[in-house]
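Following: one structure in structure tokens, then a few remarks.
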Amino acid sequence: MKLKLIGRFISILLIITTLFLCVPLVFSIYYKDGASLGFLITITLNASFGSAGLLLTKNPPKSLSRKEGFILVVLSWVVISVFGSIPYVIIGNLSFTDAFFETMSGFTTTGASILKNIEAMPKSLLFWRSLTHWLGGMGIVVLAVAILPMLGIGGIKLIKAEAPGPSIEKISPRITETAKYLWFAYILLSAFETVLLLVGGMDLFDALTHTFGTMATGGFSPKNSSVAYFHSAYIDWVITIFMFIAGANFSIHFKVLTGKFSSLKDEEFLAYSAIVIIAVLLVSLDNLAIYKDFLNSLRFSAFQVVSIVTTTGYATADYEKWHSLSKVILFTFMFVGGCAGSTGGSIKVIRIYTLLKQAVNELKYNIHPKGVFTLTINKQTIRKNIVYSIAGFFFLYIATFFVVALVVSAFGVDLLTSLSASAATLGNIGPGFGGVGPTDNYAWLPSPAKWVLSFAMLSGRLEIYTVFVLFTPAFWKK
């Protein structure tokens with residue numbers, strides 16, 4: 001086990017986190033919100049531990065094994081969440097359980113909150129809260145790989161262990177370059193959305209925080225009523241469009257930005273688009289009686305459908321008051337998610353699409369037992385081992401969903417809330433139904449339930465396998 005390299009990498013992540021913590025410190029000084037000392041203490045602690053780690057891990061090995069990649073990625077997310085919790089404890093006076101839950105929710109882009117009165121918190125703390133989304137969206141390890149060529153061949157193992165989706169498409173032969181290109185597209189789209197929100201009347205603080213939540217498909221808003229606070233059709237549509245963009249593969253975004261529009265013919269992207277369009281039309285028609293006007297119904301329905309399917313979790317309406325069909329569609333979409341390589345969570349369209357095509361092939365086998373039916377996606381043959389891996393992931397995901405719901409219910413939480421809290425945290429969505437609906441939060445849940453749901457957030461963000469493999473005896477054998 002290359003403990004020195006693991007320790008050095010985590011130390012570097014702490015230094016990177018320290019640099020980003022300077023941004024909310026600047027906001028605190030500007031707004032004079034009294035949080036400056038808290039951020040200075042946090043920065044000092046992060047920098048001290050990070051620097052000490054660097055001094056103790058000089059001359060580390062240059063590459064990682066697959067096993068070490070899994071350990072490093074899981075440890076990175078846990079350690080960063082622990083140190084990222086400090087501002088909530090010092091400034092927000094939260095318990096460590098609540099602070100860790102909020103931070104893990106931020107970095108995993110879940111958006112499940114325990115804050116009862118969000119607007120009462122210092123603006124700088126709310127900025128840090130949203131910034132954790134943006135950092136976690138593309139991935140803190142992907143960021144490190146982009147700026148740390150010292151990782152060498154170990155970089156691809158780390159990105160595969162962390163990045164959302166069943167596979168990472170290498171835009172460049174060098175994985176470091178691929179990470180840079182993905183972050184370039186991420187930053188450019190974030191800047192574009194920020195400008196559009198400023199045009200819509202938001203100030204810079206609100207524009208940045210809502211952009212962070214949108215592009216990372218996170219959902220943290222500095223407003224108690226989320227995006228509904230602004231009562232603006234323009235803002236609703238801008239955020240809806242960018243949530244949809246964030247739910248698509250960022251490799252496609254980079255290719256489009258470089259003029260390769262043929263990438264829009266990607267089968268997963270087409271399936272993702274079709275799912276969203278059909279669901280938006282169904283929910284809009286179902287809500288017509290509530291909103292009276294089709295365009296009004298389309299606006300609120302499109303926002304909520306895209307918010308849930310991309311696992312963003314923003315809200316402009318109390319969808320628990322909608323008709324049963326709409327609520328069933330939204331609950332089902334909690335298990336769909338965005339595309340592979342997006343910032344979205346949940347199962348992912350590509351997995352569902354692959355299993356659907358395999359199911360069709362199985363039907364053909366039953367009709368023509370001697371037939372040969374090849375599963376292809378984007379004109380590429382999908383090997384059986386990939387289908388088996390996806391089927392295994394699907395089973396583990398659903399099994400984890402039920403186990404988490406069962407454990408949460410053991411703490412006295414009602415059935416609907418237990419099921420939706422499990423789906424919302426495992427899928428990195430945020431709001432659910434019942435006691436954790438769009439007008440409620442997770443503050444009232446017992447502390448043990450919050451730790452279970454924090455584990456669900458981490459497992460969902462790291463695609464189940466990365467976390468669960470650590471609990472298998474075979475993993476620890478030489």
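Each chain of the structure tokens is named A, B, ... in the order shown, its residues numbered from 1; ligands are numbered from 1 in display order.
The shell of residues at most 10 Å from Leu19 in chain A, with only C-alpha atoms counted and near chain neighbours (fewer than 3 positions) removed, consists of Leu13, Leu14, Ile15, Ile16, Cys22, Val23, Ile43, Asn46 and Ala47 of chain A.
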Review point. Could you name the residues that touch Ile235 in chain A at 8 Å or less, counting only C-alpha atoms, but leaving out those on the same chain fewer than 5 positions away, as a ChimeraX atom specification?
Key: /A:197,200,230
Exercise for review: For range 296-304 of chain A, work out the shell of residues within 7 Å, counting only C-alpha atoms and skipping chain neighbours fewer than 3 positions away, then give it as a list in words.
Suggested key: Asp236, Thr240, Val280, Val283, Ser284, Asn287, Leu288, Tyr291, Asp293, Ser307, Ile308, Ala315, Thr316 and Ala317 of chain A
Could you take the residues named above and write them with N, CA and C atoms, as a compact mmCIF listing (two decimals), in the first residue's frame?
```
# COMPACT_ATOMS: atom_id res chain seq x y z
N ASP A 236 -36.24 31.26 -14.37
CA ASP A 236 -36.65 29.85 -14.37
C ASP A 236 -36.17 29.15 -15.64
N THR A 240 -33.43 26.25 -16.04
CA THR A 240 -33.91 24.99 -16.63
C THR A 240 -33.00 24.53 -17.76
N VAL A 280 -41.80 16.23 -19.73
CA VAL A 280 -42.22 17.64 -19.59
C VAL A 280 -43.62 17.82 -20.18
N VAL A 283 -46.25 16.03 -17.83
CA VAL A 283 -46.47 16.75 -16.57
C VAL A 283 -47.15 18.10 -16.83
N SER A 284 -46.79 18.76 -17.92
CA SER A 284 -47.43 20.05 -18.27
C SER A 284 -48.92 19.87 -18.51
N ASN A 287 -50.69 19.15 -15.26
CA ASN A 287 -50.80 20.31 -14.37
C ASN A 287 -51.63 21.46 -14.94
N LEU A 288 -52.17 21.24 -16.12
CA LEU A 288 -52.91 22.31 -16.79
C LEU A 288 -54.07 22.82 -15.94
N TYR A 291 -52.48 25.21 -13.18
CA TYR A 291 -51.91 26.50 -13.60
C TYR A 291 -52.77 27.25 -14.62
N ASP A 293 -53.05 28.03 -17.48
CA ASP A 293 -52.45 28.43 -18.74
C ASP A 293 -51.34 27.44 -19.11
N SER A 307 -35.12 19.48 -13.11
CA SER A 307 -34.44 19.55 -11.82
C SER A 307 -34.28 18.17 -11.19
N ILE A 308 -35.34 17.35 -11.29
CA ILE A 308 -35.29 16.02 -10.68
C ILE A 308 -34.48 15.04 -11.52
N ALA A 315 -36.22 24.03 -6.68
CA ALA A 315 -37.68 23.99 -6.72
C ALA A 315 -38.26 25.37 -6.99
N THR A 316 -39.30 25.40 -7.81
CA THR A 316 -40.06 26.63 -8.02
C THR A 316 -41.53 26.41 -7.68
N ALA A 317 -41.85 25.19 -7.28
CA ALA A 317 -43.24 24.85 -6.94
C ALA A 317 -43.25 23.72 -5.92
```
Review point. With only C-alpha atoms as the basis for distance, which of A:Ala52, A:Leu462, A:Leu135, A:Leu25 is at the shortest distance from Ile80 in chain A?
Key: A:Leu135
Contacts between range 421-439 of chain A and range 239-339 of chain A, please, where a residue of range 239-339 of chain A counts if it comes within 8 Å (with only C-alpha atoms); show its shortest atom pair and distance in Å to one decimal, rows by chain and ascending number, as a Markdown table.
```
| residue | atom | partner | partner_atom | distance |
| --- | --- | --- | --- | --- |
| A:Ile308 | CA | A:Ile429 | CA | 6.7 |
| A:Thr311 | CA | A:Ile429 | CA | 4.2 |
| A:Thr312 | CA | A:Ile429 | CA | 5.7 |
| A:Gly313 | CA | A:Ile429 | CA | 5.3 |
| A:Ala315 | CA | A:Pro438 | CA | 6.5 |
| A:Ala317 | CA | A:Pro438 | CA | 7.8 |
| A:Asp318 | CA | A:Pro438 | CA | 6.0 |
| A:Tyr319 | CA | A:Pro438 | CA | 7.4 |
| A:Glu320 | CA | A:Phe433 | CA | 6.9 |
| A:Phe331 | CA | A:Gly432 | CA | 8.0 |
| A:Met334 | CA | A:Ala423 | CA | 6.4 |
| A:Phe335 | CA | A:Gly427 | CA | 6.8 |
| A:Gly337 | CA | A:Gly427 | CA | 7.4 |
```
File dump, residues just selected, C-alpha atoms, as a PDB file, in the first residue's frame:
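Now in selection08.pdb:
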```
ATOM      1  CA  ILE A 308     -35.293  16.016 -10.677  1.00  0.00           C
ATOM      2  CA  THR A 311     -30.621  15.388  -9.767  1.00  0.00           C
ATOM      3  CA  THR A 312     -30.272  19.146  -9.206  1.00  0.00           C
ATOM      4  CA  GLY A 313     -33.080  19.514  -6.679  1.00  0.00           C
ATOM      5  CA  ALA A 315     -37.683  23.989  -6.715  1.00  0.00           C
ATOM      6  CA  ALA A 317     -43.239  24.852  -6.939  1.00  0.00           C
ATOM      7  CA  ASP A 318     -44.495  22.549  -4.208  1.00  0.00           C
ATOM      8  CA  TYR A 319     -44.789  19.471  -6.435  1.00  0.00           C
ATOM      9  CA  GLU A 320     -46.340  17.486  -3.571  1.00  0.00           C
ATOM     10  CA  PHE A 331     -40.407   9.903  -8.123  1.00  0.00           C
ATOM     11  CA  MET A 334     -35.193  10.005  -9.045  1.00  0.00           C
ATOM     12  CA  PHE A 335     -33.820   6.671 -10.295  1.00  0.00           C
ATOM     13  CA  GLY A 337     -30.393  10.688 -13.496  1.00  0.00           C
TER      14      GLY A 337
END
```
Practice item. Could you give me, as a PyMOL selection string, each residue of range 294-362 of chain A that DSSP assigns to helix (DSSP H, G or I) when run on this structure's backbone? Key: chain A and resi 294-309+319-321+324-333+349-362
Review point. With distances taken over only C-alpha atoms, which of A:Ser251, A:Ser65, A:Thr109, A:Thr472 is nearest to Gly345 in chain A?
Key: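 Checking each of A:Ser251, A:Ser65, A:Thr109, A:Thr472 against Gly345 in chain A, counting only C-alpha atoms, the winner is A:Thr109.
With only C-alpha atoms as the atoms that count, the minimum distance from Ser36 in chain A to the choices A:Ser85, A:Thr381, A:Ser124, A:Ser324 is reached by A:Ser124.
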**Study point:** Nearest residue to Leu37 in chain A from the set A:Val407, A:Leu281, A:Ile91, A:Ile382 (distances using only C-alpha atoms)
**Key:**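 Smallest separation from Leu37 in chain A among the options: A:Ile91.
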**Study point:** Pick from A:Asn93, A:Ala399, A:Trp322, A:Leu406, whichever lies nearest to Ala289 in chain A using only C-alpha atoms
**Key:**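 Looking at the shortest contact to Ala289 in chain A, the residue is A:Trp322.
CA of Ile398 in chain A to CA of Ile347 in chain A spans 9.4 Å [interatomic distance, one decimal].
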Review point. Which polymer residues have any atom within 9 Å of an atom of Arg351 in chain A, counting only C-alpha atoms, with same-chain residues fewer than 3 positions away left out, as a list of chain:residue names?
Key: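 Answer for this query is A:Gly165, A:Pro166, A:Ala340, A:Ile347, A:Lys348, A:Thr354, A:Leu355, A:Leu356, A:Val387, A:Ile390, A:Ala391, A:Phe393, A:Phe394.
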Export, as a CSV table (one decimal), in the first residue's frame, the selected residues with N, CA and C atoms.
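Once everything was written out, this is out04.csv:
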```
chain,number,residue,atom,x,y,z
A,165,GLY,N,-20.7,8.3,-13.8
A,165,GLY,CA,-21.0,7.6,-15.1
A,165,GLY,C,-20.2,6.3,-15.2
A,166,PRO,N,-20.6,5.3,-16.0
A,166,PRO,CA,-20.0,4.1,-16.1
A,166,PRO,C,-18.6,4.1,-16.9
A,340,ALA,N,-23.9,9.8,-18.5
A,340,ALA,CA,-22.6,9.5,-18.0
A,340,ALA,C,-21.7,10.6,-18.3
A,347,ILE,N,-28.8,6.6,-11.3
A,347,ILE,CA,-28.4,5.4,-12.1
A,347,ILE,C,-27.7,5.8,-13.4
A,348,LYS,N,-28.1,6.8,-14.1
A,348,LYS,CA,-27.6,7.3,-15.4
A,348,LYS,C,-28.4,6.7,-16.5
A,354,THR,N,-28.8,0.8,-21.9
A,354,THR,CA,-28.1,-0.4,-22.2
A,354,THR,C,-28.9,-1.6,-21.8
A,355,LEU,N,-29.5,-1.6,-20.5
A,355,LEU,CA,-30.3,-2.7,-20.0
A,355,LEU,C,-31.6,-2.9,-20.8
A,356,LEU,N,-32.1,-1.8,-21.3
A,356,LEU,CA,-33.3,-1.8,-22.1
A,356,LEU,C,-33.0,-2.5,-23.5
A,387,VAL,N,-22.2,-5.3,-19.9
A,387,VAL,CA,-23.7,-5.5,-19.5
A,387,VAL,C,-23.8,-6.1,-18.2
A,390,ILE,N,-23.1,-3.5,-15.5
A,390,ILE,CA,-24.2,-2.6,-15.4
A,390,ILE,C,-25.4,-3.2,-14.6
A,391,ALA,N,-25.6,-4.5,-15.0
A,391,ALA,CA,-26.7,-5.2,-14.3
A,391,ALA,C,-26.3,-5.4,-12.8
A,393,PHE,N,-24.4,-3.3,-11.1
A,393,PHE,CA,-24.6,-1.9,-10.5
A,393,PHE,C,-26.1,-1.7,-10.2
A,394,PHE,N,-26.9,-2.0,-11.2
A,394,PHE,CA,-28.4,-1.8,-11.0
A,394,PHE,C,-28.9,-2.5,-9.8
```
